[in-house]
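*Asks:* Below is the file coords-v9.cif, which contains mmCIF, C-alpha atoms and all ligand atoms.
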data_input
#
loop_
_atom_site.label_atom_id
_atom_site.label_comp_id
_atom_site.auth_asym_id
_atom_site.auth_seq_id
_atom_site.Cartn_x
_atom_site.Cartn_y
_atom_site.Cartn_z
CA MET A 227 -9.73 -12.09 -6.27
CA THR A 228 -7.74 -9.12 -7.57
CA ASP A 229 -4.07 -9.53 -8.40
CA CYS A 230 -3.35 -5.88 -7.52
CA LEU A 231 -0.92 -5.88 -4.60
CA PHE A 232 -2.15 -2.61 -3.07
CA CYS A 233 -5.84 -3.60 -3.43
CA ARG A 234 -4.93 -6.72 -1.50
CA ILE A 235 -3.02 -4.80 1.18
CA ALA A 236 -5.93 -2.33 1.52
CA ALA A 237 -8.31 -5.29 1.91
CA ARG A 238 -5.93 -6.81 4.51
CA GLU A 239 -5.48 -9.92 2.37
CA VAL A 240 -1.72 -9.28 2.23
CA PRO A 241 0.04 -8.29 5.45
CA ALA A 242 1.57 -4.84 5.82
CA ASP A 243 2.63 -2.56 8.66
CA VAL A 244 -0.50 -0.38 8.63
CA VAL A 245 0.01 2.91 10.49
CA ALA A 246 -3.27 4.72 9.76
CA GLU A 247 -6.61 4.22 8.06
CA SER A 248 -9.61 6.36 7.14
CA ALA A 249 -12.91 5.48 5.51
CA GLU A 250 -11.33 6.00 2.09
CA ALA A 251 -7.62 5.18 2.40
CA VAL A 252 -4.96 3.07 4.12
CA ALA A 253 -1.38 4.01 5.08
CA PHE A 254 1.39 1.41 5.55
CA ARG A 255 5.17 1.40 5.77
CA ASP A 256 7.11 0.87 2.56
CA ILE A 257 8.84 -2.52 2.58
CA ASN A 258 12.03 -0.91 1.21
CA ALA A 259 12.21 2.35 3.16
CA GLN A 260 14.21 5.17 1.56
CA ALA A 261 13.99 7.47 4.59
CA PRO A 262 13.39 7.12 8.35
CA THR A 263 9.70 7.80 7.61
CA HIS A 264 8.55 6.12 4.40
CA VAL A 265 4.82 5.42 4.35
CA LEU A 266 2.59 4.68 1.36
CA VAL A 267 -0.97 6.04 1.32
CA VAL A 268 -3.42 4.32 -1.02
CA PRO A 269 -7.13 4.70 -1.73
CA LYS A 270 -9.15 1.57 -0.92
CA GLN A 271 -10.60 1.74 -4.42
CA HIS A 272 -8.34 0.91 -7.35
CA TYR A 273 -7.09 3.72 -9.61
CA PRO A 274 -3.92 3.23 -11.65
CA ASP A 275 -2.39 6.64 -10.99
CA ALA A 276 -3.04 10.13 -9.62
CA ALA A 277 -4.25 11.50 -12.95
CA ALA A 278 -6.91 8.81 -13.27
CA LEU A 279 -8.10 9.41 -9.72
CA ALA A 280 -8.08 13.22 -10.07
CA ARG A 281 -10.33 12.94 -13.10
CA ALA A 282 -12.66 10.27 -11.73
CA ASP A 283 -13.01 11.29 -8.07
CA PRO A 284 -11.13 14.40 -6.93
CA ALA A 285 -12.67 14.17 -3.46
CA LEU A 286 -11.08 10.75 -3.02
CA LEU A 287 -7.72 12.16 -4.07
CA GLY A 288 -8.25 14.79 -1.38
CA ALA A 289 -8.95 12.05 1.15
CA VAL A 290 -5.66 10.36 0.22
CA PHE A 291 -3.77 13.62 0.81
CA ARG A 292 -5.66 14.16 4.06
CA LEU A 293 -4.49 10.79 5.38
CA ALA A 294 -0.94 11.58 4.17
CA ALA A 295 -1.07 14.80 6.20
CA ASP A 296 -2.27 12.90 9.26
CA VAL A 297 0.56 10.37 8.84
CA ALA A 298 3.14 13.16 8.57
CA GLN A 299 1.80 14.54 11.83
CA SER A 300 1.79 11.21 13.67
CA GLU A 301 5.31 10.45 12.37
CA GLY A 302 6.54 13.78 13.74
CA VAL A 303 7.97 15.10 10.47
CA VAL A 304 5.80 18.19 9.99
CA ASP A 305 8.10 20.71 11.67
CA ASP A 306 11.21 19.65 9.73
CA GLY A 307 9.28 19.10 6.50
CA TYR A 308 8.58 16.06 4.39
CA ARG A 309 8.01 15.04 0.79
CA LEU A 310 4.91 13.65 -0.94
CA VAL A 311 5.59 11.74 -4.17
CA ALA A 312 3.23 10.07 -6.64
CA ASN A 313 5.38 8.36 -9.27
CA THR A 314 3.39 8.14 -12.50
CA GLY A 315 4.44 5.89 -15.35
CA ASP A 316 7.64 4.13 -16.33
CA ALA A 317 10.05 7.07 -16.57
CA ALA A 318 9.16 8.04 -13.00
CA GLY A 319 9.72 4.48 -11.81
CA GLN A 320 6.13 3.58 -10.97
CA THR A 321 6.21 -0.15 -10.24
CA VAL A 322 2.80 -0.67 -8.61
CA HIS A 323 -0.06 0.53 -10.77
CA HIS A 324 -2.43 1.40 -7.95
CA LEU A 325 -2.11 5.06 -6.96
CA HIS A 326 0.08 5.50 -3.90
CA VAL A 327 1.47 8.64 -2.33
CA HIS A 328 4.89 8.20 -0.74
CA VAL A 329 5.27 10.13 2.53
CA LEU A 330 9.02 10.62 3.01
CA GLY A 331 10.61 12.35 5.96
CA GLY A 332 13.13 12.20 8.76
CA ARG A 333 16.13 13.23 6.68
CA ALA A 334 17.11 16.03 4.34
CA MET A 335 16.13 15.33 0.72
CA GLY A 336 17.86 16.85 -2.26
CA TRP A 337 16.24 18.59 -5.16
CA PRO A 338 15.93 17.84 -8.00
CA PRO A 339 15.46 14.10 -7.42
CA GLY A 340 17.78 11.77 -9.30
P1 LIG B 401 6.57 3.08 -6.93
O1 LIG B 401 7.98 2.83 -7.42
O2 LIG B 401 5.53 2.32 -7.74
O3 LIG B 401 6.25 4.53 -6.79
O4 LIG B 401 6.54 2.54 -5.46
C1 LIG B 401 6.15 1.25 -5.10
C2 LIG B 401 6.64 1.06 -3.68
O5 LIG B 401 5.99 -0.08 -3.13
C3 LIG B 401 8.14 0.82 -3.57
O6 LIG B 401 8.73 1.85 -2.79
C4 LIG B 401 8.25 -0.57 -2.93
O7 LIG B 401 9.31 -0.65 -1.99
C5 LIG B 401 6.88 -0.73 -2.27
N1 LIG B 401 6.43 -2.09 -2.17
C6 LIG B 401 6.47 -3.04 -3.16
N2 LIG B 401 5.95 -4.18 -2.72
C7 LIG B 401 5.57 -3.97 -1.44
C8 LIG B 401 4.95 -4.80 -0.43
O8 LIG B 401 4.63 -5.97 -0.66
N3 LIG B 401 4.71 -4.24 0.78
C9 LIG B 401 5.03 -2.94 1.06
N4 LIG B 401 4.75 -2.49 2.28
N5 LIG B 401 5.61 -2.12 0.15
C10 LIG B 401 5.87 -2.64 -1.09
ZN ZN B 402 -5.40 -1.88 -6.84
#
Using C-alpha cells, write down the structure from this file.

*Replies:*
Amino acid sequence: MTDCLFCRIAAREVPADVVAESAEAVAFRDINAQAPTHVLVVPKQHYPDAAALARADPALLGAVFRLAADVAQSEGVVDDGYRLVANTGDAAGQTVHHLHVHVLGGRAMGWPPG
C-alpha cells in the first residue's frame, strides 16, 4: 500500500469530499479551505510535481487542467474569475508531494501572493 496521501484519496482508501472525477483525475475539497471554493485536482497516477508530469505525460497534465476547468464551472466561479495554483517545492510551500492543482475562487485574491 502506498503511503502517499493523495494516491490514497484518489484510490478512495482515505475519505475526502470528492466533487468531480474523470478517467484520469479526481477533485476534492481542501481540508483547510483558503477561499469559499478551494478544491484540489490530482491525477490518479502519482507524479511528485507539475514539472515531472509535464515531462512524463503532458496529456495527463492537460486532463488535470480540464477537470479543474470543469470544477470551476460547477462551483460557479468562472464569471468572477478564479485562481489555479500548483505549489512546487519547499519555498512555494508544497507539503504533499503528489501533484495537485488548487482551484481557488469565490473571493477576490491579491497579487502577488504572500
Ligand atoms: P500544498 O501546500 O502541498 O500545495 O497543498 C496541500 C494541501 O492539501 C493543503 O492546502 C492542505 O490543506 C491539503 N490537505 C492536506 N491533507 C489533506 C487531507 O487529508 N484531505 C484534504 N482534503 N486536504 C488535505
Ligand atoms: Zn501519490

*Asks:* Please identify all protein, DNA and RNA residues within 9 Å of ligand ZN 402 (chain B), counting only C-alpha atoms and all ligand atoms, and report them as a compact mmCIF listing (two decimals) with C-alpha atoms, in the coordinates of the input.

*Replies:*
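Output below, filename result-v8.txt:
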# COMPACT_ATOMS: atom_id res chain seq x y z
CA THR A 228 -7.74 -9.12 -7.57
CA ASP A 229 -4.07 -9.53 -8.40
CA CYS A 230 -3.35 -5.88 -7.52
CA LEU A 231 -0.92 -5.88 -4.60
CA PHE A 232 -2.15 -2.61 -3.07
CA CYS A 233 -5.84 -3.60 -3.43
CA ARG A 234 -4.93 -6.72 -1.50
CA ILE A 235 -3.02 -4.80 1.18
CA ALA A 236 -5.93 -2.33 1.52
CA VAL A 268 -3.42 4.32 -1.02
CA PRO A 269 -7.13 4.70 -1.73
CA LYS A 270 -9.15 1.57 -0.92
CA GLN A 271 -10.60 1.74 -4.42
CA HIS A 272 -8.34 0.91 -7.35
CA TYR A 273 -7.09 3.72 -9.61
CA PRO A 274 -3.92 3.23 -11.65
CA VAL A 322 2.80 -0.67 -8.61
CA HIS A 323 -0.06 0.53 -10.77
CA HIS A 324 -2.43 1.40 -7.95
CA LEU A 325 -2.11 5.06 -6.96

*Asks:* Please extract the residues at most 12 Å from ligand LIG 401 (chain B), counting all atoms listed in the file, and provide them as a ChimeraX atom specification, using the chain letters and residue numbers of this document.

*Replies:* /A:230-236,238-245,252-261,264-268,274-276,310-330

*Asks:* Using only C-alpha atoms, can you tell me which of A:Asp296, A:Gly302, A:Gly336, A:Gly307 comes closest to A:Glu247?

*Replies:*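 Nearest to A:Glu247: A:Asp296.
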
*Asks:* Using all atoms listed in the file for the distances, tell me which of A:Thr263, A:Gln299, A:Leu293, A:Leu287 is nearest to A:Arg333.

*Replies:* A:Thr263

*Asks:* For atom CA of A:Met335 and atom CA of A:Val304, determine how far apart the two atoms are, in Å to one decimal place.

*Replies:* 14.2 Å

*Asks:* Suppose you want the space between atom CA of A:Ala294 and atom CA of A:Arg281; what is it in Å?

*Replies:*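 Pair atom CA of A:Ala294 / atom CA of A:Arg281 returns 19.7 Å.
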
*Asks:* Check the smallest atom-to-atom distance from each of A:Gly288, A:Ser248, A:Gly331, A:Ala282 to A:Asp306 using only C-alpha atoms, then report the winner.

*Replies:*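 Comparing A:Gly288, A:Ser248, A:Gly331, A:Ala282 against A:Asp306, the winner is A:Gly331.
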
*Asks:* Which residue is closest to A:Glu250? Choose from A:Leu286, A:Ala334, A:Ala295, A:Val303 and count only C-alpha atoms.

*Replies:* A:Leu286

*Asks:* Report, in Å to a single decimal, how far apart atom CA of A:Val290 and atom CA of A:Ala251 are.

*Replies:* 6.0 Å

*Asks:* Taking only C-alpha atoms into account, name the residue in A:Ala278, A:Arg309, A:Asp283, A:Ala249 that is nearest to A:Pro339.

*Replies:*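 For A:Pro339, the nearest of the given residues is A:Arg309.
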